[in-house]
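Novice: Okay, handing you the structure first.
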Amino acid sequence: TATPVAVLGLGEMGRALAAALVKADVPTTVWNRTPGKADELIASGATGAASAEDAVTAAEVVVVCLFDHASVHEVLDPLAQRLRGRAVVNLTTTSPEQARELGRWAAAEGIGYLDGGIMAVPAMIGTAGSEVFYSGDEHVFQRHKEIFDHWGTSTYFGEDTGLASLYDLALLAAMYVMFAGYMQGAAMVRTAGISASAFAARAQSWLTAMTGGLAGFGAVIDGGDYTVPGQQSLAFSDLTKMLDAVAELGIGGQPLAMVQELIRKQRDAGYDEHGFARIYESIAAPR
Ligand code: NDP
């Protein structure tokens with residue numbers, strides 16, 4: 001028989017998660033603090049619960065998608081007894097340490113716990129491009145993976161409960177810095193009347209090609225030897241020409257200046273001829 005699932009939190013994301021389960025004929029009970037948000041889900045086959053406790057009682061797997069770490073505790077703490085022996089899958093965005101704290105709390109209460117990171121926006125849930133990261137109790141992941149697969153690709157990282165959040169936030173960090181790089185270039189060509197859209201078309205193919213270099217950086221960083229032949233040196237990578245250009249164009253150069261600072265730190269330490277990947281050490285050094 002199908003595993004009954006509860007979804008606590010029917011914001012934009014919670015509604016998308018619940019809708020994907022309903023669509024897949026998973027018996028789904030839904031609850032939201034503010035009433036009214038469940039109406040459409042109930043019309044399409046979900047069961048509405050008057051309280052979070054009623055929702056939990058009806059379910060074997062409790063999916064949580066609230067605002068933040070504090071709201072998760074606010075909702076789950078009073079239900080600890082009810083949750084015992086059940087599985088909680090928390091898809092609320094938290095920091096890695098907050099995820100680990102929730103994992104310890106759940107373990108102490110006898111609750112199975114998986115923490116998740118959703119690598120999608122609500123409209124993507126249940127489509128091919130959607131992926132959700134999980135970490136925590138492996139038996140919960142293995143036992144209920146079929147349910148999670150209704151949201152997209154399900155990827156499990158390990159028993160360290162903080163890993164899904166760590167990967168999620170690390171990928172977002174990489175994405176935002178890359179986006180800022182595009183904005184830097186767009187502002188440069190704009191001075192010649194070239195549109196940001198025209199630049200986007202070129203930047204997309206250029207950046208896509210350049211991501212081919214990531215694996216090489218990874219190998220050098222992991223090997224710890226920045227003198228491996230074939231690398232572009234830090235001296236050669238100096239961004240002065242680009243910084244001079246943005247000054248000449250009269251626009252901001254903040255993304256460039258940030259990278260130049262990482263390079264400068266390593267060059268000041270005497271690593272002119274080491275590879276560009278060495279700027280990793282400017283970031284990863286203990287502070
Ligand atoms: P919304 O703001 O749309 O929804 C927030 C939900 O949290 C609402 O259901 C709200 O209930 C509930 N809530 C907030 N505080 C409390 C509380 N103290 N007690 C009970 N319920 C509470 O946010 P989203 O649905 O977009 O996001 C939910 C989570 O999913 C977040 O952690 C977000 O980071 C994550 N996420 C969202 C993505 C997105 O693109 N939207 C992408 C990836 C992750 P009420 O209706 O009563 O206010």
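In the structure tokens, the first chain shown is A, the next is B, and so on; residue numbers restart at 1 for each chain, and ligands run from 1 in the order shown.
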What's around region 268-273 of chain A at 7 Å? Count only C-alpha atoms, leave out sequence neighbours fewer than 2 positions away in its own chain, and write the answer as a VMD selection string.
Specialist: chain A and resid 233 to 235 264 to 266 275
Novice: Within 12 Å of His144 (chain A), counting only C-alpha atoms, which residues show up once you throw out same-chain ones fewer than 3 positions away? Write them as a ChimeraX atom specification, please.
Specialist: /A:2-5,26,60-63,86-89,112-114,134,137-141,147-150,154,156
Novice: Write the residues you've just listed into a file as an mmCIF file, in the first residue's frame, and include N, CA and C atoms for each of them.
Specialist:
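Okay, this is what ended up in out.cif:
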```cif
data_model
loop_
_atom_site.group_PDB
_atom_site.id
_atom_site.type_symbol
_atom_site.label_atom_id
_atom_site.label_comp_id
_atom_site.auth_asym_id
_atom_site.auth_seq_id
_atom_site.Cartn_x
_atom_site.Cartn_y
_atom_site.Cartn_z
ATOM 1 N N ALA A 2 0.319 2.337 -0.541
ATOM 2 C CA ALA A 2 1.093 3.566 -0.680
ATOM 3 C C ALA A 2 1.378 4.198 0.684
ATOM 4 N N THR A 3 2.567 4.772 0.803
ATOM 5 C CA THR A 3 2.968 5.430 2.045
ATOM 6 C C THR A 3 2.256 6.773 2.181
ATOM 7 N N PRO A 4 1.524 7.010 3.291
ATOM 8 C CA PRO A 4 0.876 8.310 3.451
ATOM 9 C C PRO A 4 1.894 9.403 3.816
ATOM 10 N N VAL A 5 1.749 10.537 3.172
ATOM 11 C CA VAL A 5 2.698 11.642 3.333
ATOM 12 C C VAL A 5 1.941 12.876 3.831
ATOM 13 N N VAL A 26 -0.014 9.819 -4.589
ATOM 14 C CA VAL A 26 0.484 9.557 -3.235
ATOM 15 C C VAL A 26 -0.553 10.123 -2.262
ATOM 16 N N GLU A 60 3.153 8.789 7.440
ATOM 17 C CA GLU A 60 4.357 8.043 7.813
ATOM 18 C C GLU A 60 5.591 8.896 7.510
ATOM 19 N N VAL A 61 5.480 9.696 6.442
ATOM 20 C CA VAL A 61 6.571 10.592 6.040
ATOM 21 C C VAL A 61 6.054 12.028 6.135
ATOM 22 N N VAL A 62 6.779 12.867 6.882
ATOM 23 C CA VAL A 62 6.354 14.250 7.096
ATOM 24 C C VAL A 62 7.317 15.189 6.372
ATOM 25 N N VAL A 63 6.822 15.808 5.320
ATOM 26 C CA VAL A 63 7.631 16.748 4.535
ATOM 27 C C VAL A 63 7.412 18.144 5.104
ATOM 28 N N ARG A 86 8.282 8.149 13.067
ATOM 29 C CA ARG A 86 7.979 8.612 11.708
ATOM 30 C C ARG A 86 9.246 9.210 11.099
ATOM 31 N N ALA A 87 9.167 9.572 9.808
ATOM 32 C CA ALA A 87 10.318 10.179 9.139
ATOM 33 C C ALA A 87 10.001 11.623 8.799
ATOM 34 N N VAL A 88 10.913 12.523 9.138
ATOM 35 C CA VAL A 88 10.780 13.927 8.766
ATOM 36 C C VAL A 88 11.752 14.219 7.625
ATOM 37 N N VAL A 89 11.233 14.838 6.575
ATOM 38 C CA VAL A 89 12.068 15.269 5.456
ATOM 39 C C VAL A 89 11.963 16.785 5.398
ATOM 40 N N GLY A 112 13.209 9.681 12.492
ATOM 41 C CA GLY A 112 14.089 9.569 11.323
ATOM 42 C C GLY A 112 14.186 10.944 10.665
ATOM 43 N N TYR A 113 15.369 11.336 10.219
ATOM 44 C CA TYR A 113 15.501 12.699 9.696
ATOM 45 C C TYR A 113 16.365 12.766 8.443
ATOM 46 N N LEU A 114 15.808 13.425 7.440
ATOM 47 C CA LEU A 114 16.570 13.749 6.226
ATOM 48 C C LEU A 114 16.462 15.245 6.036
ATOM 49 N N TYR A 134 19.768 15.417 -0.683
ATOM 50 C CA TYR A 134 19.399 14.898 0.636
ATOM 51 C C TYR A 134 20.637 14.494 1.407
ATOM 52 N N ASP A 137 19.661 10.451 7.623
ATOM 53 C CA ASP A 137 19.437 9.004 7.795
ATOM 54 C C ASP A 137 19.283 8.296 6.445
ATOM 55 N N GLU A 138 20.259 7.438 6.142
ATOM 56 C CA GLU A 138 20.244 6.788 4.831
ATOM 57 C C GLU A 138 19.051 5.850 4.662
ATOM 58 N N HIS A 139 18.639 5.186 5.745
ATOM 59 C CA HIS A 139 17.519 4.241 5.591
ATOM 60 C C HIS A 139 16.237 4.996 5.218
ATOM 61 N N VAL A 140 16.085 6.227 5.704
ATOM 62 C CA VAL A 140 14.903 7.028 5.337
ATOM 63 C C VAL A 140 14.960 7.337 3.833
ATOM 64 N N PHE A 141 16.156 7.691 3.362
ATOM 65 C CA PHE A 141 16.288 8.000 1.934
ATOM 66 C C PHE A 141 15.976 6.768 1.082
ATOM 67 N N ILE A 147 9.071 8.173 -3.391
ATOM 68 C CA ILE A 147 8.219 9.352 -3.150
ATOM 69 C C ILE A 147 8.956 10.611 -3.592
ATOM 70 N N PHE A 148 10.230 10.707 -3.172
ATOM 71 C CA PHE A 148 11.009 11.914 -3.482
ATOM 72 C C PHE A 148 11.198 12.086 -4.987
ATOM 73 N N ASP A 149 11.283 10.961 -5.695
ATOM 74 C CA ASP A 149 11.514 11.025 -7.141
ATOM 75 C C ASP A 149 10.378 11.734 -7.887
ATOM 76 N N HIS A 150 9.226 11.873 -7.259
ATOM 77 C CA HIS A 150 8.131 12.617 -7.899
ATOM 78 C C HIS A 150 8.453 14.107 -8.016
ATOM 79 N N SER A 154 16.568 12.616 -7.282
ATOM 80 C CA SER A 154 16.869 12.600 -5.848
ATOM 81 C C SER A 154 18.318 12.176 -5.647
ATOM 82 N N TYR A 156 21.483 11.632 -2.900
ATOM 83 C CA TYR A 156 21.824 11.476 -1.490
ATOM 84 C C TYR A 156 23.321 11.645 -1.293
#
```
Novice: Please identify all protein, DNA and RNA residues within 8 Å of ligand 1, counting only C-alpha atoms and all ligand atoms, and report them as a PDB file with C-alpha atoms, in the first residue's frame.
Specialist:
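Result went into result-v6.pdb, see below:
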```
ATOM      1  CA  LEU A   8       3.633  21.040   6.432  1.00  0.00           C
ATOM      2  CA  GLY A   9       3.929  24.506   4.913  1.00  0.00           C
ATOM      3  CA  LEU A  10       2.056  25.473   1.775  1.00  0.00           C
ATOM      4  CA  GLY A  11       4.012  28.450   0.549  1.00  0.00           C
ATOM      5  CA  GLU A  12       5.036  28.608  -3.104  1.00  0.00           C
ATOM      6  CA  MET A  13       7.369  25.636  -2.723  1.00  0.00           C
ATOM      7  CA  GLY A  14       5.282  23.550  -0.324  1.00  0.00           C
ATOM      8  CA  ARG A  15       2.303  23.771  -2.678  1.00  0.00           C
ATOM      9  CA  ASN A  32      -0.540  25.467   6.503  1.00  0.00           C
ATOM     10  CA  ARG A  33      -0.445  27.941   9.422  1.00  0.00           C
ATOM     11  CA  THR A  34      -2.621  30.439   7.586  1.00  0.00           C
ATOM     12  CA  PRO A  35      -5.771  28.730   6.249  1.00  0.00           C
ATOM     13  CA  LYS A  37      -3.635  27.927   0.918  1.00  0.00           C
ATOM     14  CA  CYS A  65       8.773  23.266   3.801  1.00  0.00           C
ATOM     15  CA  LEU A  66       8.614  26.363   5.988  1.00  0.00           C
ATOM     16  CA  PHE A  67      10.381  29.711   6.071  1.00  0.00           C
ATOM     17  CA  ASP A  68      13.532  28.994   8.083  1.00  0.00           C
ATOM     18  CA  ALA A  70      13.285  28.770  13.631  1.00  0.00           C
ATOM     19  CA  SER A  71       9.882  28.157  12.033  1.00  0.00           C
ATOM     20  CA  VAL A  72      10.718  24.439  11.670  1.00  0.00           C
ATOM     21  CA  GLU A  74       8.300  26.245  16.169  1.00  0.00           C
ATOM     22  CA  VAL A  75       6.110  23.770  14.266  1.00  0.00           C
ATOM     23  CA  LEU A  91      13.199  20.811   2.681  1.00  0.00           C
ATOM     24  CA  THR A  92      13.286  24.232   4.330  1.00  0.00           C
ATOM     25  CA  THR A  93      16.516  26.070   3.465  1.00  0.00           C
ATOM     26  CA  THR A  94      18.797  26.112   6.519  1.00  0.00           C
ATOM     27  CA  GLY A 117      18.163  21.233  -0.542  1.00  0.00           C
ATOM     28  CA  ILE A 118      15.856  21.966  -3.465  1.00  0.00           C
ATOM     29  CA  MET A 119      17.777  22.853  -6.615  1.00  0.00           C
ATOM     30  CA  ALA A 120      14.714  24.167  -8.444  1.00  0.00           C
ATOM     31  CA  VAL A 121      12.077  26.879  -8.375  1.00  0.00           C
ATOM     32  CA  PRO A 122       8.463  25.832  -7.685  1.00  0.00           C
TER      33      PRO A 122
END
```
Novice: Hey, can you check how far CA of Phe276 (chain A) sits from CA of Gln231 (chain A)?
Specialist: 7.1 Å
Novice: Could you write out, as a list in words, all the residues of region 88-270 of chain A that DSSP marks as strand (DSSP E)?
Specialist: Val88, Val89, Asn90, Gly112, Tyr113, Leu114, Asp115, Gly116, Gly117, Ile118, Met119, Glu131, Val132, Phe133, Tyr134, Ser135, Gly136, Thr153, Ser154, Thr155 and Tyr156 of chain A
Novice: Identify which of the residues A:Gln232, A:Ser237, A:Thr211, A:Thr153 lies closest to Gly126 (chain A), counting only C-alpha atoms when measuring atom-to-atom distances.
Specialist: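 Looking only at the distances to Gly126 (chain A), the closest residue turns out to be A:Thr153.
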Novice: Would you mind listing what lies within 12 Å of region 246-260 of chain A as a PDB file with C-alpha atoms, in the first residue's frame, with only C-alpha atoms counted and same-chain residues fewer than 6 positions away left out?
Specialist:
```pdb
ATOM      1  CA  TYR A 176      25.889  34.188  -8.034  1.00  0.00           C
ATOM      2  CA  VAL A 177      29.575  35.028  -8.474  1.00  0.00           C
ATOM      3  CA  MET A 178      29.391  33.819 -12.078  1.00  0.00           C
ATOM      4  CA  PHE A 179      26.250  35.938 -12.663  1.00  0.00           C
ATOM      5  CA  ALA A 180      28.088  38.985 -11.286  1.00  0.00           C
ATOM      6  CA  GLY A 181      30.851  38.287 -13.816  1.00  0.00           C
ATOM      7  CA  TYR A 182      28.300  38.436 -16.624  1.00  0.00           C
ATOM      8  CA  MET A 183      26.981  41.756 -15.223  1.00  0.00           C
ATOM      9  CA  GLN A 184      30.551  43.131 -15.204  1.00  0.00           C
ATOM     10  CA  GLY A 185      31.007  42.300 -18.879  1.00  0.00           C
ATOM     11  CA  ALA A 186      27.533  43.561 -19.794  1.00  0.00           C
ATOM     12  CA  ALA A 187      28.310  46.928 -18.162  1.00  0.00           C
ATOM     13  CA  MET A 188      31.556  47.131 -20.161  1.00  0.00           C
ATOM     14  CA  VAL A 189      30.017  46.568 -23.618  1.00  0.00           C
ATOM     15  CA  ARG A 190      27.056  48.803 -22.739  1.00  0.00           C
ATOM     16  CA  THR A 191      29.455  51.771 -22.986  1.00  0.00           C
ATOM     17  CA  ALA A 192      29.559  51.047 -26.751  1.00  0.00           C
ATOM     18  CA  LEU A 234      49.174  34.172 -11.475  1.00  0.00           C
ATOM     19  CA  ALA A 235      51.446  36.864 -12.978  1.00  0.00           C
ATOM     20  CA  PHE A 236      49.860  36.247 -16.411  1.00  0.00           C
ATOM     21  CA  SER A 237      46.370  36.252 -14.878  1.00  0.00           C
ATOM     22  CA  ASP A 238      46.783  39.757 -13.409  1.00  0.00           C
ATOM     23  CA  LEU A 239      43.586  41.724 -14.129  1.00  0.00           C
ATOM     24  CA  THR A 240      45.195  45.201 -14.378  1.00  0.00           C
ATOM     25  CA  GLN A 266      49.051  35.125  -3.558  1.00  0.00           C
ATOM     26  CA  ARG A 267      51.449  37.256  -5.613  1.00  0.00           C
ATOM     27  CA  ASP A 268      52.394  39.235  -2.481  1.00  0.00           C
ATOM     28  CA  PHE A 276      45.761  30.736 -11.271  1.00  0.00           C
ATOM     29  CA  ALA A 277      43.985  28.013  -9.261  1.00  0.00           C
ATOM     30  CA  ARG A 278      46.118  29.158  -6.319  1.00  0.00           C
ATOM     31  CA  ILE A 279      43.600  31.969  -5.622  1.00  0.00           C
ATOM     32  CA  TYR A 280      41.647  29.120  -3.999  1.00  0.00           C
ATOM     33  CA  SER A 282      43.208  33.110  -0.654  1.00  0.00           C
ATOM     34  CA  ILE A 283      39.637  31.961   0.004  1.00  0.00           C
TER      35      ILE A 283
END
```
Novice: Near Glu53 (chain A), counting only C-alpha atoms, which residues have an atom at most 10 Å away, once you skip same-chain residues fewer than 5 positions from it, shown as a list in words?
Specialist: Leu8, Trp31, Ala58, Val75, Leu76, Pro78, Leu79, Ala80, Arg82 and Leu83 of chain A
Novice: Export N, CA and C atoms of the chosen residues as a PDB file, in the first residue's frame?
Specialist:
```
ATOM      1  N   LEU A   8       3.846  19.917   5.515  1.00  0.00           N
ATOM      2  CA  LEU A   8       3.633  21.040   6.432  1.00  0.00           C
ATOM      3  C   LEU A   8       4.254  22.287   5.805  1.00  0.00           C
ATOM      4  N   TRP A  31      -1.086  20.814   5.432  1.00  0.00           N
ATOM      5  CA  TRP A  31      -1.397  21.781   6.492  1.00  0.00           C
ATOM      6  C   TRP A  31      -0.595  23.056   6.262  1.00  0.00           C
ATOM      7  N   ALA A  58      -1.645  11.526  10.435  1.00  0.00           N
ATOM      8  CA  ALA A  58      -2.140  10.798   9.261  1.00  0.00           C
ATOM      9  C   ALA A  58      -1.021  10.225   8.402  1.00  0.00           C
ATOM     10  N   VAL A  75       7.182  24.697  14.669  1.00  0.00           N
ATOM     11  CA  VAL A  75       6.110  23.770  14.266  1.00  0.00           C
ATOM     12  C   VAL A  75       6.362  22.356  14.794  1.00  0.00           C
ATOM     13  N   LEU A  76       7.618  21.881  14.746  1.00  0.00           N
ATOM     14  CA  LEU A  76       7.884  20.473  15.080  1.00  0.00           C
ATOM     15  C   LEU A  76       8.072  20.203  16.568  1.00  0.00           C
ATOM     16  N   PRO A  78       6.539  20.996  19.388  1.00  0.00           N
ATOM     17  CA  PRO A  78       5.388  20.501  20.155  1.00  0.00           C
ATOM     18  C   PRO A  78       4.890  19.134  19.671  1.00  0.00           C
ATOM     19  N   LEU A  79       5.385  18.682  18.499  1.00  0.00           N
ATOM     20  CA  LEU A  79       4.891  17.425  17.915  1.00  0.00           C
ATOM     21  C   LEU A  79       5.881  16.273  18.085  1.00  0.00           C
ATOM     22  N   ALA A  80       6.936  16.494  18.873  1.00  0.00           N
ATOM     23  CA  ALA A  80       8.017  15.504  18.974  1.00  0.00           C
ATOM     24  C   ALA A  80       7.485  14.110  19.291  1.00  0.00           C
ATOM     25  N   ARG A  82       4.527  12.806  18.730  1.00  0.00           N
ATOM     26  CA  ARG A  82       3.781  12.288  17.575  1.00  0.00           C
ATOM     27  C   ARG A  82       4.714  11.833  16.453  1.00  0.00           C
ATOM     28  N   LEU A  83       5.846  12.539  16.361  1.00  0.00           N
ATOM     29  CA  LEU A  83       6.766  12.268  15.245  1.00  0.00           C
ATOM     30  C   LEU A  83       7.609  11.016  15.497  1.00  0.00           C
TER      31      LEU A  83
END
```
Novice: Could you check which of A:Leu163, A:Ala285, A:Ala245, A:Ala203 is closest to Gly103 (chain A), using only C-alpha atoms?
Specialist: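 Nearest to Gly103 (chain A): A:Leu163.
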Novice: Give the helix (DSSP H, G or I) residues of region 199-236 of chain A, as assigned by DSSP on the backbone, as a ChimeraX atom specification.
Specialist: /A:199-223,234-236
Novice: Enter the distance from CA of Asp115 (chain A) to CA of Lys145 (chain A), in Å, rounded to one decimal.
Specialist: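 Value for the CA of Asp115 (chain A)-CA of Lys145 (chain A) distance: 13.3 Å.
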Novice: As an MDAnalysis selection string, please: the residues near Ala55 (chain A) (cut-off 7 Å, only C-alpha atoms, same-chain neighbours under 2 positions excluded).
Specialist: chainID A and resid 6 29:31 49 51:53 57:59
Novice: Would you mind exporting the chosen residues as a CSV table (one decimal), in the first residue's frame, restricted to N, CA and C atoms?
Specialist:
```csv
chain,number,residue,atom,x,y,z
A,6,ALA,N,2.6,13.6,4.7
A,6,ALA,CA,2.0,14.9,5.1
A,6,ALA,C,3.0,16.0,4.6
A,29,THR,N,-1.6,14.5,2.9
A,29,THR,CA,-2.4,15.4,3.9
A,29,THR,C,-1.6,16.7,4.0
A,30,VAL,N,-2.3,17.8,3.9
A,30,VAL,CA,-1.6,19.1,3.8
A,30,VAL,C,-2.0,20.0,5.0
A,31,TRP,N,-1.1,20.8,5.4
A,31,TRP,CA,-1.4,21.8,6.5
A,31,TRP,C,-0.6,23.1,6.3
A,49,ALA,N,-5.7,19.2,6.7
A,49,ALA,CA,-5.7,18.9,8.1
A,49,ALA,C,-5.9,20.2,8.8
A,51,SER,N,-4.9,20.9,11.9
A,51,SER,CA,-3.7,21.2,12.6
A,51,SER,C,-2.5,20.5,12.1
A,52,ALA,N,-1.3,21.0,12.5
A,52,ALA,CA,-0.1,20.2,12.1
A,52,ALA,C,-0.1,18.8,12.7
A,53,GLU,N,-0.6,18.8,13.9
A,53,GLU,CA,-0.6,17.5,14.6
A,53,GLU,C,-1.5,16.5,13.9
A,57,THR,N,-0.2,13.0,12.3
A,57,THR,CA,-0.8,11.7,12.7
A,57,THR,C,-1.3,10.9,11.5
A,58,ALA,N,-1.6,11.5,10.4
A,58,ALA,CA,-2.1,10.8,9.3
A,58,ALA,C,-1.0,10.2,8.4
A,59,ALA,N,0.2,10.6,8.7
A,59,ALA,CA,1.3,10.3,7.8
A,59,ALA,C,2.4,9.4,8.4
```
